[in-house]
Each structure stands twice: as structure tokens, then as C-alpha cells.
Amino acid sequence: MASVKASAAVSHVGRVRSNNQDSGYAGRRLFLVADGMGGHAGGDVASAIATQRIAEVADTDYPSSAEAVAALEQALLSANRTLEETVADHSELTGMGTTVSAMLVQQDRVVIAHIGDSRVYLLRSGELSQVSTDHTFVQRLVDAGRITAEEAMVHPRRSVLMRVLGDVEASPEIDTLVIDTHPGDRWMLCSDGLSGVVPFDEIHEMLSSDAGAKQVADRLVKASLDGGAPDNVTVVVVDIGDPPAPDTPPLVVGSAAAPLAFGTPEPARRPGIRLTPFRPHPVQETHFEPDSEEYFDELIEEDERRRRRRRMIWSLWIVLLIGAIVTAFVVGYQWTQTRYYVGDYNGRVAIYQGIQQDLGPITLSQLHSETPIDIADLRTYDQQRVEQTISAGSLEEARRIVARLGESVD
């Protein structure tokens with residue numbers, strides 16, 4: 001039977017957000033991360049309610065994996081109904097929702113229920129793999145082969161969720177799976193405040209260390225903070241092995257660790273849920289869109305239009321830049337042709353139109369006229385000046401220089 005050797009949960013508001021809309025839970029058998037959406041108040045309320053509701057009913061032992069899967073899935077659906085009821089009594093929270101990635105250690109297996117873009121990772125025998133699949137617009141694009149995983153990291157619609165718990169869907173589709181687990185496995189659940197900031201290889205390196213679960217979780221959160229932490233970041237680390245961890249009270253972090261706060265009228269109280277007044281704040285960037293083929297096609301078409309507009313804008317800027325370069329070259333070249341200098345041409349003094357310098361393969365001067373004055377007949381000083389060229393501001397000035405040189409020969 002697989003045992004939880006150690007676990008840890010850490011959550012941080014990040015460097016940009018004003019409040020923490022993430023929640024994390026590390027219990028006896030149940031571990032989860034929830035990332036709320038729907039504004040300053042709605043996001044933290046949604047993740048806290050979901051975390052508390054799921055923990056109430058799912059952190060226990062089950063006779064079989066099949067029963068554990070059914071119980072965990074029903075726990076998420078129960079949380080979804082609680083969120084709907086909360087919104088029904090608090091219309092200012094309309095549109096709030098939360099992701100949930102939950103893991104239940106059941107005998108020698110792990111049961112996972114997942115919705116949204118929080119993630120579940122497994123480190124086994126030095127190999128790190130992402131177990132969950134993001135329910136996001138950009139992940140759909142990756143799956144369809146339209147963009148790469150690297151492009152998804154910077155896509156303008158990377159914050160669009162296609163599936164969440166909340167008042168947006170009465171019966172959201174929840175991914176469930178059962179995976180064998182062995183001593184030595186290290187599981188990690190996180191919000192996108194970590195996976196969207198810290199590269200996969202860096203996460204792999206920190207999870208692969210011999211440090212304990214708490215130290216690794218702290219290091220992962222610090223890595224996100226060092227990367228700017230534009231969002232809340234929550235990490236839960238679970239080590240499988242012997243000896244089993246002693247029974248300790250569940251660890252709750254993030255918004256679920258504090259009393260919930262929102263306005264009147266008060267909804268019917270649920271066990272473990274405390275409601276107090278709040279003041280509304282602006283909605284955050286992450287938002288939900290329906291996971292339907294019709295709407296997905298609309299987003300694809302809109303994305304294509306955005307791409308075409310970007311190409312047109314870039315093409316226009318390139319044309320303008322090329323035009324500016326060509327104009328600058330033409331104006332510059334015309335200016336050079338107003339200049340003259342005196343120099344050597346086949347051993348004789350000559351007048352050149354242009355300037356002495358060349359622009360790569362482009363010559364910026366040409367022979368204007370050759371004089372009968374041999375450079376060898378000039379004084380040594382004048383010979384050196386002519387060989388090094390003598391600049392003139394105009395053709396008349398160049399002719400005067402030639403005349404003076406001719407007088408020195410006479």
C-alpha cells in the first residue's frame with residue numbers, strides 16, 4: 001500500500017496581485033490546488049469554497065479506486081453547486097469560478113480529478129511528467145497543431161479557460177484518472193502562477209533534489225517570485241514512501257485559510273464556510289469562455305483576424321522603415337554630390353565630386369576634372385596634402401586650391 005511519507009503546501013500572493021485568489025490543501029489522503037477567477041473578491045471566494053467543500057467530503061479512505069473516483073468527482077460537482085448557490089444569493093459575484101486539481105492517495109494508486117489550468121506533475125525515477133491537461137484555449141490550439149507549447153506561453157489568449165467550477169456551467173466536465181504510485185514518487189500540484197513563470201526544466205531540477213517536501217515547495221514558490229510572480233502562486237508537494245507521515249491536522253493555505261468575505265444578503269451557511277461583508281474590486285485577467293466547438297471556431301477565426309492585422313501592421317512598418325532608409329540614403333547621397341575635393345589621378349592633380357569615404361561597395365565620389373599639374377612637380381608638403389586629399393566646400397573652392405598649387409609649381 002502506498003503511504004504519504006511527507007507533504008507540504010505553500011501559497012504566496014505574488015509580486016503584482018493585491019490579494020491571494022489561490023487555495024491549497026494538504027490533508028491525510030487528499031491534496032488539491034484551486035485558482036480562483038472573477039475579480040478581487042470573486043476569485044478568492046470561489047477557490048476557498050471549492051477547497052473547503054471538497055475537503056469536507058473527500059479526505060478519507062475508500063474501499064476501491066472506482067469508489068474514490070466517483071467520490072472525488074462528486075465532491076467537485078458538489079463544490080460547483082455550492083458556488084452556484086452562493087452566486088444566486090450574491091449577484092455581485094456573478095461569473096466567479098475556480099480551477100481545481102485534486103489528488104487522492106488510495107492504497108497503491110492515486111486518483112485525480114481536474115478542471116481548469118492548475119496542474120498535476122509526477123516525478124518518478126528522475127523523469128518529470130505533466131499528468132493533467134490544461135482546459136485552456138491555447139491548449140486546444142496546441143492539441144490541434146496550430147501553435148507550439150512555447151508559443152502558448154506567450155499567446156495573448158493564454159488566460160482564457162474553457163472549463164472551470166462556478167456559476168458558468170451546471171454540470172461541468174471533469175477529467176478523472178487513476179495512476180499507480182510507488183515509493184519514491186514525488187507528486188506536485190500547482191497553480192499557473194508557478195507553471196506560467198518557472199520553466200519546466202527548472203521545476204524538474206528542484207523537484208529532483210533530495211530536499212524535503214516543505215523545502216522543495218518553498219524553493220518553487222521562491223523561483224516564481226524571482227521570476228516576477230505576476231500572479232498568485234500555490235504549490236503542494238507530496239512524497240510517497242516509508243515511513244508514513246504521522247497524523248497531523250490538514251494544512252490549508254491561500255484564501256481558504258482565511259474567513260470568506262462577501263456581502264449581504266447572507267446565503268445559507270454550509271459547514272466550514274463563514275461569510276462576512278466585503279467591498280468589490282476589479283475583475284482579474286483570467287476568464288472563462290464556453291468549451292464548445294462553435295465558440296472555439298469563433299475564437300480561432302478571431303485569432304486569425306488578429307494575426308492578419310498584426311502581419312499587416314508589421315508589413316506597413318517594414319515598408320515605412322525601408323522607405324525611410326531609402327529616403328535617408330538618397331538625401332545623403334545628394335548632399336555628398338555638393339562636396340568636392342582635390343586628389344591624385346594617375347600622378348596628376350585632379351578635382352573629384354563627392355566625399356572621400358565609400359559606403360561599403362558604393363563609391364561616393366567621381367572624377368570631375370583632371371589638371372595638367374604633375375604631383376611630382378609640387379613641393380613635398382603639397383604632394384602629401386594632395387595624396388591625402390584636400391576637402392573643398394564647392395567646385396569654385398576646389399578650383400582655387402588647384403590654382404594655388406599651380407602657382408607653387410611655376
# chains A, B, ... in the order shown; residues from 1 in each chain; ligands from 1
$ select_by_dssp --residues "range 335-404 of chain A" --states "helix (DSSP H, G or I)" --output "list of chain:residue names"
A:Trp335, A:Thr336, A:Ile375, A:Ala376, A:Asp377, A:Thr380, A:Tyr381, A:Asp382, A:Gln383, A:Gln384, A:Arg385, A:Val386, A:Glu387, A:Gln388, A:Leu395, A:Glu396, A:Glu397, A:Ala398, A:Arg399, A:Arg400, A:Ile401, A:Val402, A:Ala403, A:Arg404
$ closest_atom_pairs --of "range 159-259 of chain A" --to "range 137-149 of chain A" --cutoff "12 Å" --atoms "only C-alpha atoms" --output "JSON lines"
{"residue": "A:Ser159", "atom": "CA", "partner": "A:Phe137", "partner_atom": "CA", "distance": 8.0}
{"residue": "A:Val160", "atom": "CA", "partner": "A:Phe137", "partner_atom": "CA", "distance": 5.7}
{"residue": "A:Leu161", "atom": "CA", "partner": "A:Phe137", "partner_atom": "CA", "distance": 6.3}
{"residue": "A:Met162", "atom": "CA", "partner": "A:Phe137", "partner_atom": "CA", "distance": 6.2}
{"residue": "A:Arg163", "atom": "CA", "partner": "A:Phe137", "partner_atom": "CA", "distance": 9.6}
{"residue": "A:Gly196", "atom": "CA", "partner": "A:Ala149", "partner_atom": "CA", "distance": 11.5}
{"residue": "A:Pro199", "atom": "CA", "partner": "A:Ala149", "partner_atom": "CA", "distance": 11.8}
{"residue": "A:Phe200", "atom": "CA", "partner": "A:Ala149", "partner_atom": "CA", "distance": 11.3}
$ atom_distance --atom1 "CA of Ser208 in chain A" --atom2 "CA of Arg124 in chain A"
9.1 Å
$ residues_around --residues "Thr99 in chain A" --least-positions-apart "6" --cutoff "7 Å" --atoms "only C-alpha atoms" --output "VMD selection string"
chain A and resid 34 to 36 115 to 118 164 to 165
$ closest_residue --among "A:Glu127, A:Asp134, A:Glu169, A:Glu67" --to "Glu205 in chain A" --atoms "only C-alpha atoms"
A:Glu127
$ residues_around --residues "range 101-106 of chain A" --least-positions-apart "5" --cutoff "10 Å" --atoms "only C-alpha atoms" --output "MDAnalysis selection string"
chainID A and resid 1:4 24:35 51 54:55 58:65 68:69 72:73 76 111:120 132 174:181 187:191 238 240
$ select_by_dssp --residues "range 122-187 of chain A" --states "strand (DSSP E or B)" --output "PyMOL selection string"
chain A and resi 122-124+127-130+136+160-161+165-166+175-180+186-187
$ residues_around --residues "Ala48 in chain A" --least-positions-apart "2" --cutoff "7 Å" --atoms "only C-alpha atoms" --output "ChimeraX atom specification"
/A:23,44-46,50-52,255-256
$ write_last_selection --atoms "N, CA and C atoms" --output "short mmCIF file (atom, residue, chain, number, x, y, z; two decimals), in the first residue's frame"
data_model
loop_
_atom_site.label_atom_id
_atom_site.label_comp_id
_atom_site.auth_asym_id
_atom_site.auth_seq_id
_atom_site.Cartn_x
_atom_site.Cartn_y
_atom_site.Cartn_z
N SER A 23 -5.99 28.77 -3.48
CA SER A 23 -6.14 28.00 -2.25
C SER A 23 -5.40 26.68 -2.42
N ASP A 44 -11.14 34.74 -4.80
CA ASP A 44 -10.76 34.09 -3.55
C ASP A 44 -11.95 33.36 -2.93
N VAL A 45 -13.16 33.90 -3.09
CA VAL A 45 -14.35 33.22 -2.58
C VAL A 45 -14.52 31.87 -3.28
N ALA A 46 -14.37 31.86 -4.60
CA ALA A 46 -14.59 30.64 -5.37
C ALA A 46 -13.59 29.55 -5.00
N ALA A 50 -14.60 26.06 -2.92
CA ALA A 50 -14.34 24.77 -3.57
C ALA A 50 -13.40 23.92 -2.71
N THR A 51 -12.34 24.53 -2.20
CA THR A 51 -11.38 23.79 -1.38
C THR A 51 -12.03 23.24 -0.12
N GLN A 52 -12.77 24.08 0.58
CA GLN A 52 -13.41 23.64 1.82
C GLN A 52 -14.45 22.56 1.56
N SER A 255 -6.41 31.59 0.12
CA SER A 255 -7.67 32.22 0.53
C SER A 255 -8.52 31.29 1.40
N ALA A 256 -8.40 29.98 1.24
CA ALA A 256 -9.20 29.05 2.03
C ALA A 256 -8.78 29.04 3.49
#
$ closest_residue --among "A:Ala229, A:Leu260, A:Val319, A:Ala324" --to "Arg15 in chain A" --atoms "only C-alpha atoms"
A:Ala229
